[in-house]
>>> print(open('work34.cif').read())   # mmCIF, C-alpha atoms
data_start
#
loop_
_atom_site.label_atom_id
_atom_site.label_comp_id
_atom_site.auth_asym_id
_atom_site.auth_seq_id
_atom_site.Cartn_x
_atom_site.Cartn_y
_atom_site.Cartn_z
CA MET A 1325 -11.94 14.21 22.65
CA LEU A 1326 -10.97 10.58 23.04
CA ASP A 1327 -14.67 9.69 23.45
CA GLU A 1328 -15.52 11.31 20.17
CA GLU A 1329 -12.61 9.85 18.20
CA LEU A 1330 -13.18 6.36 19.52
CA GLY A 1331 -16.93 6.60 18.86
CA LYS A 1332 -16.21 7.63 15.27
CA LEU A 1333 -13.80 4.73 14.86
CA THR A 1334 -16.37 2.28 16.20
CA GLU A 1335 -18.88 3.50 13.63
CA PHE A 1336 -16.25 3.45 10.88
CA HIS A 1337 -15.22 -0.13 11.56
CA TYR A 1338 -18.87 -1.17 11.90
CA ASN A 1339 -19.47 0.12 8.39
CA HIS A 1340 -16.27 -1.24 6.85
CA CYS A 1341 -15.53 -4.56 8.51
CA PRO A 1342 -18.29 -7.17 8.06
CA GLU A 1343 -17.06 -9.42 10.88
CA TYR A 1344 -16.91 -6.50 13.28
CA LYS A 1345 -20.47 -5.51 12.30
CA LYS A 1346 -21.61 -9.05 13.10
CA ILE A 1347 -20.13 -8.83 16.59
CA LEU A 1348 -21.67 -5.44 17.33
CA ASP A 1349 -25.04 -6.51 15.94
CA SER A 1350 -25.00 -9.55 18.20
CA LEU A 1351 -24.36 -7.22 21.15
CA ASN A 1352 -27.25 -4.98 19.99
CA PHE A 1353 -24.85 -2.06 19.96
CA ASP A 1354 -26.14 1.07 18.24
CA VAL A 1355 -23.20 2.83 16.58
CA THR A 1356 -25.25 5.87 15.63
CA LYS A 1357 -25.78 6.88 19.27
CA SER A 1358 -23.02 8.60 21.21
CA HIS A 1359 -21.39 6.63 23.99
CA SER A 1360 -18.78 7.28 26.61
CA TYR A 1361 -15.70 5.24 25.75
CA ALA A 1362 -16.25 2.90 28.68
CA GLU A 1363 -19.50 1.83 27.01
CA LEU A 1364 -17.88 1.11 23.66
CA PRO A 1365 -17.65 -2.54 22.70
CA PHE A 1366 -14.30 -4.25 23.03
CA ILE A 1367 -13.13 -7.37 21.27
CA PRO A 1368 -10.66 -9.93 22.59
CA VAL A 1369 -7.22 -9.62 20.94
CA ARG A 1370 -7.21 -13.27 20.06
CA LEU A 1371 -9.94 -12.71 17.45
CA PHE A 1372 -7.11 -11.49 15.21
CA LYS A 1373 -5.72 -15.01 15.35
CA PHE A 1374 -8.84 -16.62 14.00
CA TYR A 1375 -10.27 -14.06 11.61
CA ASP A 1376 -8.95 -11.75 8.93
CA LEU A 1377 -10.24 -8.49 10.31
CA LEU A 1378 -9.81 -5.46 8.09
CA SER A 1379 -11.70 -2.27 7.40
CA CYS A 1380 -10.35 -1.29 4.01
CA PRO A 1381 -9.98 -2.98 0.62
CA LYS A 1382 -7.26 -5.65 0.67
CA GLU A 1383 -5.41 -3.78 -2.12
CA GLU A 1384 -4.73 -0.94 0.30
CA ILE A 1385 -2.91 -3.19 2.74
CA VAL A 1386 0.82 -2.56 2.52
CA LYS A 1387 1.96 -4.57 5.50
CA THR A 1388 0.71 -7.55 7.47
CA MET A 1389 1.98 -7.72 11.01
CA THR A 1390 2.09 -11.06 12.70
CA SER A 1391 2.42 -11.87 16.34
CA SER A 1392 2.47 -15.25 17.97
CA GLY A 1393 1.66 -13.92 21.42
CA THR A 1394 2.55 -16.27 24.21
CA SER A 1395 0.23 -19.15 23.40
CA GLY A 1396 2.42 -19.92 20.40
CA GLN A 1397 -0.32 -21.61 18.42
CA ALA A 1398 -2.21 -19.47 15.94
CA VAL A 1399 -0.67 -16.15 14.88
CA SER A 1400 -2.44 -12.80 14.93
CA LYS A 1401 -2.62 -11.04 11.60
CA ILE A 1402 -2.88 -7.27 11.65
CA TYR A 1403 -3.56 -5.61 8.32
CA LEU A 1404 -2.01 -2.18 7.90
CA SER A 1405 -2.70 0.43 5.24
CA ALA A 1406 -0.07 3.02 4.29
CA GLN A 1407 -1.92 5.70 6.25
CA ASN A 1408 -2.24 3.49 9.32
CA THR A 1409 1.49 2.71 9.23
CA LYS A 1410 2.32 6.39 8.96
CA ASN A 1411 0.08 7.34 11.86
CA GLN A 1412 1.75 4.67 13.98
CA SER A 1413 5.22 6.03 13.20
CA LYS A 1414 4.19 9.60 13.90
CA THR A 1415 2.63 8.73 17.22
CA LEU A 1416 5.54 6.58 18.34
CA THR A 1417 7.85 9.46 17.42
CA GLU A 1418 5.89 11.94 19.50
CA ILE A 1419 5.80 9.66 22.53
CA ILE A 1420 9.43 8.54 22.46
CA THR A 1421 10.90 11.97 21.68
CA SER A 1422 9.07 13.35 24.71
CA PHE A 1423 11.48 11.17 26.71
CA ILE A 1424 14.71 11.42 24.72
CA GLY A 1425 14.43 14.71 22.84
CA LYS A 1426 14.43 15.32 19.10
CA GLN A 1427 18.08 14.68 18.45
CA ARG A 1428 18.91 11.26 17.06
CA LEU A 1429 21.45 9.48 19.22
CA PRO A 1430 23.94 6.69 18.45
CA LEU A 1431 21.80 3.56 18.70
CA LEU A 1432 22.84 0.20 20.06
CA LEU A 1433 20.24 -2.47 19.37
CA LEU A 1434 20.44 -5.28 21.91
CA ASP A 1435 19.34 -7.84 19.37
CA THR A 1436 20.52 -9.56 16.21
CA GLU A 1437 20.31 -8.13 12.71
CA MET A 1438 18.63 -11.39 11.70
CA VAL A 1439 15.27 -10.14 12.99
CA LYS A 1440 14.76 -7.99 9.93
CA LYS A 1441 15.56 -10.75 7.47
CA ASP A 1442 12.10 -11.87 6.50
CA ARG A 1443 10.59 -8.71 5.19
CA SER A 1444 7.39 -9.92 3.60
CA MET A 1445 5.83 -11.32 6.76
CA PHE A 1446 6.82 -8.92 9.45
CA SER A 1447 7.18 -10.24 12.96
CA ALA A 1448 6.32 -7.93 15.80
CA ARG A 1449 9.90 -8.24 17.02
CA GLY A 1450 11.37 -7.11 13.72
CA ALA A 1451 8.87 -4.29 13.39
CA GLY A 1452 9.73 -3.04 16.86
CA ILE A 1453 13.41 -2.94 15.96
CA ILE A 1454 12.84 -1.14 12.67
CA GLY A 1455 10.35 1.24 14.24
CA PHE A 1456 12.83 2.19 16.91
CA SER A 1457 15.71 2.63 14.44
CA MET A 1458 14.19 5.97 13.45
CA PHE A 1459 15.33 7.45 16.75
CA GLY A 1460 18.95 6.54 16.29
CA ARG A 1461 21.92 6.86 14.02
CA ASP A 1462 24.97 4.73 13.37
CA THR A 1463 22.74 1.81 14.31
CA THR A 1464 24.71 -1.16 15.61
CA TYR A 1465 23.48 -4.62 16.58
CA ALA A 1466 25.01 -6.01 19.76
CA LEU A 1467 24.20 -9.67 19.13
CA ASP A 1468 25.42 -11.89 16.31
CA ALA A 1469 23.31 -14.38 14.35
CA ASP A 1470 23.56 -16.92 17.18
CA MET A 1471 22.35 -14.38 19.77
CA LYS A 1472 25.84 -14.12 21.18
CA LEU A 1473 27.04 -10.76 22.49
CA ASP A 1474 29.65 -9.34 20.10
CA ILE A 1475 31.67 -7.63 22.79
CA GLU A 1476 34.32 -6.27 20.42
CA LYS A 1477 31.79 -4.70 18.10
CA VAL A 1478 30.04 -3.06 21.05
CA ALA A 1479 33.32 -1.79 22.52
CA GLU A 1480 34.24 -0.24 19.18
CA PHE A 1481 30.84 1.44 18.93
CA LEU A 1482 31.04 2.79 22.46
CA GLU A 1483 34.53 4.12 21.97
CA LYS A 1484 33.53 5.90 18.80
CA HIS A 1485 30.67 7.62 20.66
CA GLN A 1486 32.24 7.92 24.08
CA ASP A 1487 31.35 11.59 24.54
CA GLU A 1488 27.74 11.27 23.44
CA PRO A 1489 24.59 9.94 25.10
CA ILE A 1490 23.95 6.38 23.93
CA LEU A 1491 20.49 5.12 23.04
CA MET A 1492 19.72 1.42 23.41
CA PHE A 1493 16.71 -0.67 22.53
CA GLY A 1494 15.77 -4.30 22.99
CA TYR A 1495 13.33 -6.87 24.33
CA THR A 1496 13.08 -7.17 28.09
CA TYR A 1497 13.92 -10.83 28.50
CA MET A 1498 16.42 -11.06 25.66
CA ILE A 1499 18.42 -8.20 27.15
CA TRP A 1500 18.52 -10.05 30.45
CA GLN A 1501 19.36 -13.42 28.95
CA PHE A 1502 21.85 -12.50 26.23
CA VAL A 1503 23.39 -9.23 27.41
CA VAL A 1504 23.16 -8.88 31.19
CA LYS A 1505 23.96 -12.51 32.01
CA GLU A 1506 26.74 -12.61 29.44
CA LEU A 1507 28.35 -9.43 30.80
CA LYS A 1508 28.16 -10.85 34.31
CA LYS A 1509 29.70 -14.12 33.17
CA LEU A 1510 32.54 -12.34 31.40
CA GLY A 1511 32.96 -9.90 34.28
CA LYS A 1512 32.70 -7.01 31.82
CA ASN A 1513 30.96 -3.66 31.93
CA PHE A 1514 29.87 -1.36 29.09
CA ASN A 1515 30.79 1.63 31.30
CA ILE A 1516 28.40 3.96 29.49
CA LYS A 1517 28.51 7.43 31.00
CA ASN A 1518 25.12 8.57 29.81
CA GLY A 1519 22.77 5.99 28.38
CA ILE A 1520 19.07 5.55 27.75
CA LEU A 1521 17.55 2.09 27.39
CA PHE A 1522 14.06 1.44 26.09
CA HIS A 1523 12.83 -2.11 26.42
CA ILE A 1524 9.59 -3.89 25.72
CA GLY A 1525 8.26 -7.40 26.25
CA GLY A 1526 6.86 -9.78 28.79
CA TRP A 1527 8.06 -10.25 32.36
CA LYS A 1528 6.90 -13.82 32.79
CA LYS A 1529 10.28 -15.52 32.44
CA LEU A 1530 11.91 -12.86 34.59
CA LYS A 1531 9.35 -13.40 37.31
CA ASP A 1532 10.23 -17.10 37.19
CA GLU A 1533 13.79 -16.02 37.94
CA ALA A 1534 12.51 -13.68 40.69
CA VAL A 1535 13.63 -10.55 38.86
CA ASP A 1536 11.40 -7.52 39.39
CA VAL A 1537 11.58 -4.05 37.83
CA PHE A 1538 13.80 -2.73 40.59
CA THR A 1539 16.32 -5.57 40.32
CA TYR A 1540 16.23 -5.35 36.54
CA ASN A 1541 17.01 -1.63 36.43
CA LYS A 1542 19.69 -1.89 39.09
CA THR A 1543 21.44 -4.79 37.36
CA ILE A 1544 21.36 -2.93 34.04
CA ASN A 1545 23.16 -0.06 35.75
CA ASP A 1546 25.61 -2.48 37.38
CA VAL A 1547 26.76 -4.00 34.09
CA MET A 1548 26.20 -1.21 31.56
CA GLY A 1549 26.96 2.02 33.39
CA ASN A 1550 24.80 5.05 34.06
CA ILE A 1551 21.57 4.18 32.25
CA ARG A 1552 18.07 5.62 32.37
CA VAL A 1553 15.84 2.59 31.87
CA TYR A 1554 12.38 2.90 30.33
CA ASN A 1555 10.11 -0.10 30.05
CA TYR A 1556 7.27 0.32 27.67
CA TYR A 1557 4.15 -1.60 26.93
CA GLY A 1558 2.13 -2.03 23.81
CA MET A 1559 0.55 -4.64 21.64
CA ALA A 1560 1.26 -5.68 18.07
CA GLU A 1561 -2.46 -5.06 17.63
CA GLN A 1562 -2.04 -1.38 18.57
CA LEU A 1563 1.47 -0.46 17.46
CA GLY A 1564 2.45 3.18 17.84
CA SER A 1565 0.35 4.24 20.81
CA VAL A 1566 2.67 2.77 23.40
CA PHE A 1567 2.63 3.19 27.18
CA VAL A 1568 5.91 4.24 28.82
CA GLN A 1569 6.95 3.65 32.40
CA CYS A 1570 8.02 6.84 34.17
CA GLU A 1571 10.76 7.33 36.77
CA HIS A 1572 8.28 6.27 39.44
CA GLY A 1573 7.64 2.89 37.90
CA HIS A 1574 4.19 3.74 36.54
CA MET A 1575 2.99 3.00 33.00
CA HIS A 1576 1.44 6.09 31.41
CA CYS A 1577 -1.23 6.53 28.77
CA SER A 1578 -0.44 8.98 25.97
CA ASN A 1579 -2.82 11.46 24.34
CA TYR A 1580 -3.66 8.74 21.83
CA SER A 1581 -4.62 5.96 24.16
CA ASP A 1582 -6.46 5.01 27.30
CA ILE A 1583 -6.90 2.06 29.59
CA ILE A 1584 -9.85 0.50 31.38
CA THR A 1585 -9.58 -2.49 33.70
CA ARG A 1586 -12.52 -4.88 33.89
CA HIS A 1587 -13.75 -7.47 36.37
CA PRO A 1588 -13.24 -10.97 34.94
CA SER A 1589 -16.66 -12.07 36.21
CA ASP A 1590 -18.93 -9.60 34.41
CA PHE A 1591 -16.61 -7.22 32.52
CA THR A 1592 -17.79 -4.16 34.42
CA PRO A 1593 -15.05 -1.52 34.87
CA CYS A 1594 -12.89 -1.81 38.01
CA GLU A 1595 -12.22 1.02 40.41
CA PHE A 1596 -8.73 2.52 40.61
CA GLY A 1597 -6.62 0.22 42.75
CA GLU A 1598 -8.63 -2.86 41.85
CA LYS A 1599 -7.02 -5.59 39.72
CA GLY A 1600 -8.75 -6.44 36.47
CA ILE A 1601 -8.37 -7.48 32.83
CA ILE A 1602 -6.79 -4.69 30.81
CA GLN A 1603 -8.73 -3.14 27.95
CA LEU A 1604 -6.69 -0.83 25.74
CA LEU A 1605 -8.08 1.95 23.59
CA SER A 1606 -6.17 3.63 20.78
CA VAL A 1607 -7.22 6.16 18.19
CA LEU A 1608 -4.70 4.83 15.64
CA PRO A 1609 -6.24 1.64 14.17
CA GLU A 1610 -8.02 2.61 10.94
CA SER A 1611 -7.40 -0.26 8.58
CA TYR A 1612 -8.45 -2.92 11.12
CA PRO A 1613 -10.94 -2.84 14.03
CA GLY A 1614 -8.34 -2.72 16.79
CA HIS A 1615 -9.19 0.56 18.54
CA SER A 1616 -10.80 -1.11 21.56
CA LEU A 1617 -9.30 -4.41 22.62
CA LEU A 1618 -9.53 -6.65 25.61
CA THR A 1619 -5.97 -7.83 26.25
CA GLU A 1620 -4.91 -11.02 27.97
CA ASP A 1621 -3.09 -9.06 30.66
CA GLU A 1622 -4.16 -8.13 34.15
CA GLY A 1623 -3.37 -4.80 35.73
CA VAL A 1624 -4.27 -2.11 38.21
CA ILE A 1625 -5.02 1.51 37.38
CA LEU A 1626 -3.29 3.48 40.11
CA GLY A 1627 -4.64 6.95 39.46
CA GLU A 1628 -5.19 9.76 37.01
CA ASP A 1629 -3.40 13.09 36.50
CA ASP A 1630 -1.61 12.84 39.87
CA CYS A 1631 1.52 10.76 39.27
CA PRO A 1632 4.50 12.37 41.06
CA CYS A 1633 6.34 12.48 37.70
CA GLY A 1634 3.95 15.20 36.53
CA ARG A 1635 2.63 13.41 33.44
CA LYS A 1636 -1.12 13.68 32.91
CA GLY A 1637 -3.59 10.91 32.24
CA LYS A 1638 -4.15 7.50 33.78
CA TYR A 1639 -1.21 5.53 35.09
CA PHE A 1640 -1.13 1.86 35.83
CA GLU A 1641 0.80 -1.26 36.68
CA ILE A 1642 0.73 -4.56 34.79
CA LYS A 1643 0.27 -7.68 36.87
CA GLY A 1644 0.93 -10.33 34.22
CA ARG A 1645 -1.11 -12.64 32.03
CA ILE A 1646 -4.56 -13.89 32.87
CA LYS A 1647 -5.02 -17.63 33.12
CA ASN A 1648 -5.86 -19.49 29.95
CA ALA A 1649 -9.22 -20.75 31.17
CA GLU A 1650 -10.45 -17.24 31.77
CA ILE A 1651 -9.39 -16.05 28.36
CA ARG A 1652 -11.09 -18.87 26.62
CA GLY A 1653 -14.17 -18.12 28.67
CA CYS A 1654 -14.46 -14.58 27.46
CA SER A 1655 -13.74 -15.15 23.80
CA ASP A 1656 -16.21 -18.02 23.74
CA THR A 1657 -18.84 -15.75 25.14
CA TYR A 1658 -18.27 -13.35 22.32
CA GLU A 1659 -18.52 -15.90 19.59
CA ARG A 1660 -21.62 -17.50 21.00
CA ARG A 1661 -23.62 -14.33 21.45
CA MET B 1165 27.95 15.32 -9.47
CA THR B 1166 24.96 17.66 -9.06
CA THR B 1167 22.81 17.46 -5.94
CA LEU B 1168 20.03 15.91 -8.03
CA GLU B 1169 22.39 13.21 -9.24
CA ALA B 1170 23.57 12.51 -5.70
CA TYR B 1171 20.00 12.45 -4.42
CA THR B 1172 18.86 10.12 -7.19
CA LYS B 1173 21.85 7.86 -6.59
CA ALA B 1174 20.74 7.35 -2.97
CA PHE B 1175 17.50 5.86 -4.33
CA THR B 1176 18.99 3.83 -7.16
CA ASP B 1177 21.77 2.38 -4.98
CA THR B 1178 19.47 1.54 -2.08
CA PHE B 1179 16.66 -0.01 -4.09
CA GLY B 1180 18.50 -1.29 -7.16
CA ILE B 1181 16.36 0.70 -9.60
CA THR B 1182 17.01 3.02 -12.57
CA ASP B 1183 17.09 6.84 -12.47
CA GLU B 1184 13.83 6.85 -14.39
CA GLU B 1185 12.12 4.54 -11.88
CA ALA B 1186 13.34 6.66 -8.98
CA LYS B 1187 11.79 9.90 -10.20
CA ASN B 1188 8.16 9.24 -9.33
CA LEU B 1189 8.71 6.71 -6.58
CA LYS B 1190 6.60 6.66 -3.44
CA PHE B 1191 6.96 4.73 -0.17
CA GLN B 1192 5.68 1.15 -0.55
CA ASP B 1193 5.48 1.44 -4.38
CA ILE B 1194 8.09 -1.26 -4.71
CA LYS B 1195 8.93 -4.14 -2.41
CA ALA B 1196 12.38 -2.77 -1.63
CA TRP B 1197 10.98 0.49 -0.24
CA ASP B 1198 9.38 -0.91 2.89
CA SER B 1199 10.24 0.22 6.40
CA VAL B 1200 13.55 -1.66 6.38
CA GLY B 1201 14.48 -0.19 3.00
CA HIS B 1202 13.39 3.21 4.27
CA MET B 1203 16.08 3.29 6.96
CA GLY B 1204 18.65 2.27 4.32
CA LEU B 1205 17.51 5.13 2.10
CA ILE B 1206 17.72 7.61 4.96
CA ALA B 1207 21.27 6.48 5.75
CA ALA B 1208 22.24 6.88 2.07
CA ILE B 1209 20.75 10.39 1.83
CA GLU B 1210 22.33 11.48 5.10
CA GLU B 1211 25.69 10.24 3.96
CA ALA B 1212 25.41 11.85 0.53
CA PHE B 1213 24.76 15.31 1.99
CA ASP B 1214 26.47 14.92 5.36
CA ILE B 1215 23.35 15.83 7.30
CA MET B 1216 21.29 14.31 10.09
CA MET B 1217 17.53 14.46 9.74
CA GLU B 1218 15.05 14.69 12.58
CA THR B 1219 12.85 11.70 13.27
CA ASP B 1220 9.73 13.60 12.11
CA ASP B 1221 11.32 14.18 8.73
CA ILE B 1222 12.28 10.53 8.41
CA VAL B 1223 8.62 9.62 8.87
CA ASP B 1224 7.50 12.32 6.43
CA LEU B 1225 9.90 11.39 3.63
CA SER B 1226 7.31 9.34 1.77
CA SER B 1227 8.24 10.03 -1.85
CA PHE B 1228 11.08 11.12 -4.12
CA ASP B 1229 9.50 14.59 -4.43
CA LYS B 1230 8.69 14.96 -0.75
CA GLY B 1231 12.32 14.22 0.07
CA LYS B 1232 13.52 17.14 -2.04
CA GLU B 1233 11.23 19.45 -0.11
CA ILE B 1234 12.38 18.12 3.26
CA LEU B 1235 16.06 18.51 2.36
CA LYS B 1236 15.61 22.29 1.95
CA LYS B 1237 15.25 22.41 5.71
CA TYR B 1238 18.82 21.14 5.90
CA ASP B 1239 20.07 23.71 3.37
CA VAL B 1240 20.26 21.17 0.59
CA GLU B 1241 18.76 22.37 -2.70
CA ILE B 1242 18.12 19.54 -5.11
CA ASP B 1243 18.56 20.76 -8.67
#
>>> encode(input="work34.cif", output="structure tokens")
Amino acid sequence: MLDEELGKLTEFHYNHCPEYKKILDSLNFDVTKSHSYAELPFIPVRLFKFYDLLSCPKEEIVKTMTSSGTSGQAVSKIYLSAQNTKNQSKTLTEIITSFIGKQRLPLLLLDTEMVKKDRSMFSARGAGIIGFSMFGRDTTYALDADMKLDIEKVAEFLEKHQDEPILMFGYTYMIWQFVVKELKKLGKNFNIKNGILFHIGGWKKLKDEAVDVFTYNKTINDVMGNIRVYNYYGMAEQLGSVFVQCEHGHMHCSNYSDIITRHPSDFTPCEFGEKGIIQLLSVLPESYPGHSLLTEDEGVILGEDDCPCGRKGKYFEIKGRIKNAEIRGCSDTYERR
Amino acid sequence: MTTLEAYTKAFTDTFGITDEEAKNLKFQDIKAWDSVGHMGLIAAIEEAFDIMMETDDIVDLSSFDKGKEILKKYDVEID
């Protein structure tokens, strides 16, 4: 089913996005033939930094997402139609509620309300916060405008909801830097009896501090109470179809997405267990050609359908960013061809 | 206040528009009704009728009319 959907999307974007057509033509790719999804063309994510890639009339664009990525130079621009935005929300809802249930829980956002200030040009960080707000109620921000933990506000919130499960959301490193470290410094503990934390974002800075997933989750429990911690992974370029880490520390594909890892030397697919550059496929992107993207992350696919957690599909582990030289290599190749 | 008045007030208060403007409004029609505004609207509606909507319904509430339909599920008749 994924094959068919992704094939259709490739043909759709070929016919509606002139720049995308140029790329596929230069690869001599025939969109009218059927292909397995591993044969479908993939474009490097950074193309969204240099080109305005969209597959619908500009008047239909209701939101432009921007993301600086880690390079911090040019920003990606992702053009979203109303339908595309809706599909993203629906998919995110399906994936997240499969972990937390349908009931909306009191939500503590481990971030500052300032992130939603600039509404015309949405940052990925702000969009993540707003997107997640749908799962909660009585939404409360834990950090003030200066990114300082407002311990009194949090205490008040937790007391008000002391007999309920508490939902939390934030960005991986910011939680560590501005909440965990602050709680440790103050010698305080949230003492949550039943909490769920979803977090997203890079691990690079944490690795520099020698913090791995295990340490991270344990420390969260040390300073916040009894918390189920879910890390999830996704790109601004494919919002909605996120990958969530299960209890066994494995990232899982949803029904809307898939992953392929590729050898950096010739871009052929890797075997399970072999490290490669991560390509992500999603059936959601309609208003921009982002359904098959080569990321700038490396990872290992660990298996398919046989994770001890019982979830179906491929599961994987992310190994971090690829080196700059390699990235430049592959995007150059694409532009030259 | 009738339920229709209360429902309309959630829109006019959240987005700073008139009753007339609210009637045919759809998501993204005006700047104020973006995804940030949407969560504000949901909070206003929930408070007005003392209900809590499911996440699916929050996503589906894409127009003034659609909202009326969704609220039936929560035993709120807008008239």
>>> residues_around(input="work34.cif", residues="Gly1201 of chain B", least_positions_apart="2", cutoff="10 Å", atoms="only C-alpha atoms", output="PyMOL selection string")
(chain A and resi 1443+1454) or (chain B and resi 1175+1178-1179+1191-1192+1195-1199+1203-1207)
>>> closest_atom_pairs(input="work34.cif", of="chain B", to="chain A", cutoff="8 Å", atoms="only C-alpha atoms", output="JSON lines")
{"residue": "B:Gln1192", "atom": "CA", "partner": "A:Val1386", "partner_atom": "CA", "distance": 6.8}
{"residue": "B:Ser1199", "atom": "CA", "partner": "A:Ile1454", "partner_atom": "CA", "distance": 6.9}
{"residue": "B:Val1200", "atom": "CA", "partner": "A:Ile1454", "partner_atom": "CA", "distance": 6.4}
{"residue": "B:Met1203", "atom": "CA", "partner": "A:Met1458", "partner_atom": "CA", "distance": 7.3}
{"residue": "B:Met1216", "atom": "CA", "partner": "A:Arg1428", "partner_atom": "CA", "distance": 8.0}
{"residue": "B:Glu1218", "atom": "CA", "partner": "A:Lys1426", "partner_atom": "CA", "distance": 6.6}
{"residue": "B:Thr1219", "atom": "CA", "partner": "A:Met1458", "partner_atom": "CA", "distance": 5.9}
{"residue": "B:Asp1220", "atom": "CA", "partner": "A:Thr1417", "partner_atom": "CA", "distance": 7.0}
{"residue": "B:Ile1222", "atom": "CA", "partner": "A:Met1458", "partner_atom": "CA", "distance": 7.1}
{"residue": "B:Val1223", "atom": "CA", "partner": "A:Ser1413", "partner_atom": "CA", "distance": 6.6}
>>> closest_residue(input="work34.cif", among="B:Gly1180, B:Glu1185, B:Ile1194, B:Lys1237", to="Asp1221 of chain B", atoms="all atoms listed in the file")
B:Lys1237
>>> closest_residue(input="work34.cif", among="A:Ser1405, A:Ser1400, A:Thr1415, A:Ser1358", to="Cys1380 of chain A", atoms="only C-alpha atoms")
A:Ser1405
>>> atom_distance(input="work34.cif", atom1="atom CA of Asn1352 of chain A", atom2="atom CA of His1340 of chain A")
17.5 Å
>>> atom_distance(input="work34.cif", atom1="atom CA of Gly1525 of chain A", atom2="atom CA of Leu1333 of chain A")
27.6 Å
>>> atom_distance(input="work34.cif", atom1="atom CA of Lys1357 of chain A", atom2="atom CA of Lys1345 of chain A")
15.2 Å
>>> resolve_selection(input="work34.cif", expression="the PyMOL selection byres ((chain A and resi 1389) around 8)", output="list of chain:residue names")
A:Lys1387, A:Thr1388, A:Thr1390, A:Ser1391, A:Ser1400, A:Lys1401, A:Ile1402, A:Tyr1403, A:Leu1404, A:Met1445, A:Phe1446, A:Ser1447, A:Ala1448, A:Ala1560
>>> residues_around(input="work34.cif", residues="segment 1639-1643 of chain A", least_positions_apart="6", cutoff="12 Å", atoms="all atoms listed in the file", output="ChimeraX atom specification")
/A:1525-1528,1531,1536-1537,1555-1558,1567-1570,1572-1578,1581-1585,1596-1604,1619-1633
>>> resolve_selection(input="work34.cif", expression="the PyMOL selection byres ((chain B and resi 1241) around 12)", output="mmCIF file with C-alpha atoms, in the coordinates of the input")
data_model
loop_
_atom_site.group_PDB
_atom_site.id
_atom_site.type_symbol
_atom_site.label_atom_id
_atom_site.label_comp_id
_atom_site.auth_asym_id
_atom_site.auth_seq_id
_atom_site.Cartn_x
_atom_site.Cartn_y
_atom_site.Cartn_z
ATOM 1 C CA THR B 1166 24.960 17.660 -9.060
ATOM 2 C CA THR B 1167 22.810 17.460 -5.940
ATOM 3 C CA LEU B 1168 20.030 15.910 -8.030
ATOM 4 C CA GLU B 1169 22.390 13.210 -9.240
ATOM 5 C CA ALA B 1170 23.570 12.510 -5.700
ATOM 6 C CA TYR B 1171 20.000 12.450 -4.420
ATOM 7 C CA PHE B 1213 24.760 15.310 1.990
ATOM 8 C CA GLY B 1231 12.320 14.220 0.070
ATOM 9 C CA LYS B 1232 13.520 17.140 -2.040
ATOM 10 C CA GLU B 1233 11.230 19.450 -0.110
ATOM 11 C CA ILE B 1234 12.380 18.120 3.260
ATOM 12 C CA LEU B 1235 16.060 18.510 2.360
ATOM 13 C CA LYS B 1236 15.610 22.290 1.950
ATOM 14 C CA LYS B 1237 15.250 22.410 5.710
ATOM 15 C CA TYR B 1238 18.820 21.140 5.900
ATOM 16 C CA ASP B 1239 20.070 23.710 3.370
ATOM 17 C CA VAL B 1240 20.260 21.170 0.590
ATOM 18 C CA ILE B 1242 18.120 19.540 -5.110
ATOM 19 C CA ASP B 1243 18.560 20.760 -8.670
#
>>> residues_around(input="work34.cif", residues="Gln1501 of chain A", least_positions_apart="6", cutoff="12 Å", atoms="only C-alpha atoms", output="list in words")
Leu1434, Asp1435, Leu1467, Met1471, Lys1472, Leu1473, Gly1494, Tyr1495, Leu1507, Lys1508, Lys1509, Lys1529, Leu1530, Glu1533, Val1535, Tyr1540 and Ile1544 of chain A
>>> resolve_selection(input="work34.cif", expression="the PyMOL selection byres ((chain B and resi 1187) around 8)", output="list in words")
Thr1172, Asp1183, Glu1184, Glu1185, Ala1186, Asn1188, Leu1189, Phe1228 and Asp1229 of chain B
>>> closest_residue(input="work34.cif", among="A:His1615, A:Lys1638, A:Lys1542, A:His1359", to="Tyr1344 of chain A", atoms="all atoms listed in the file")
A:His1615
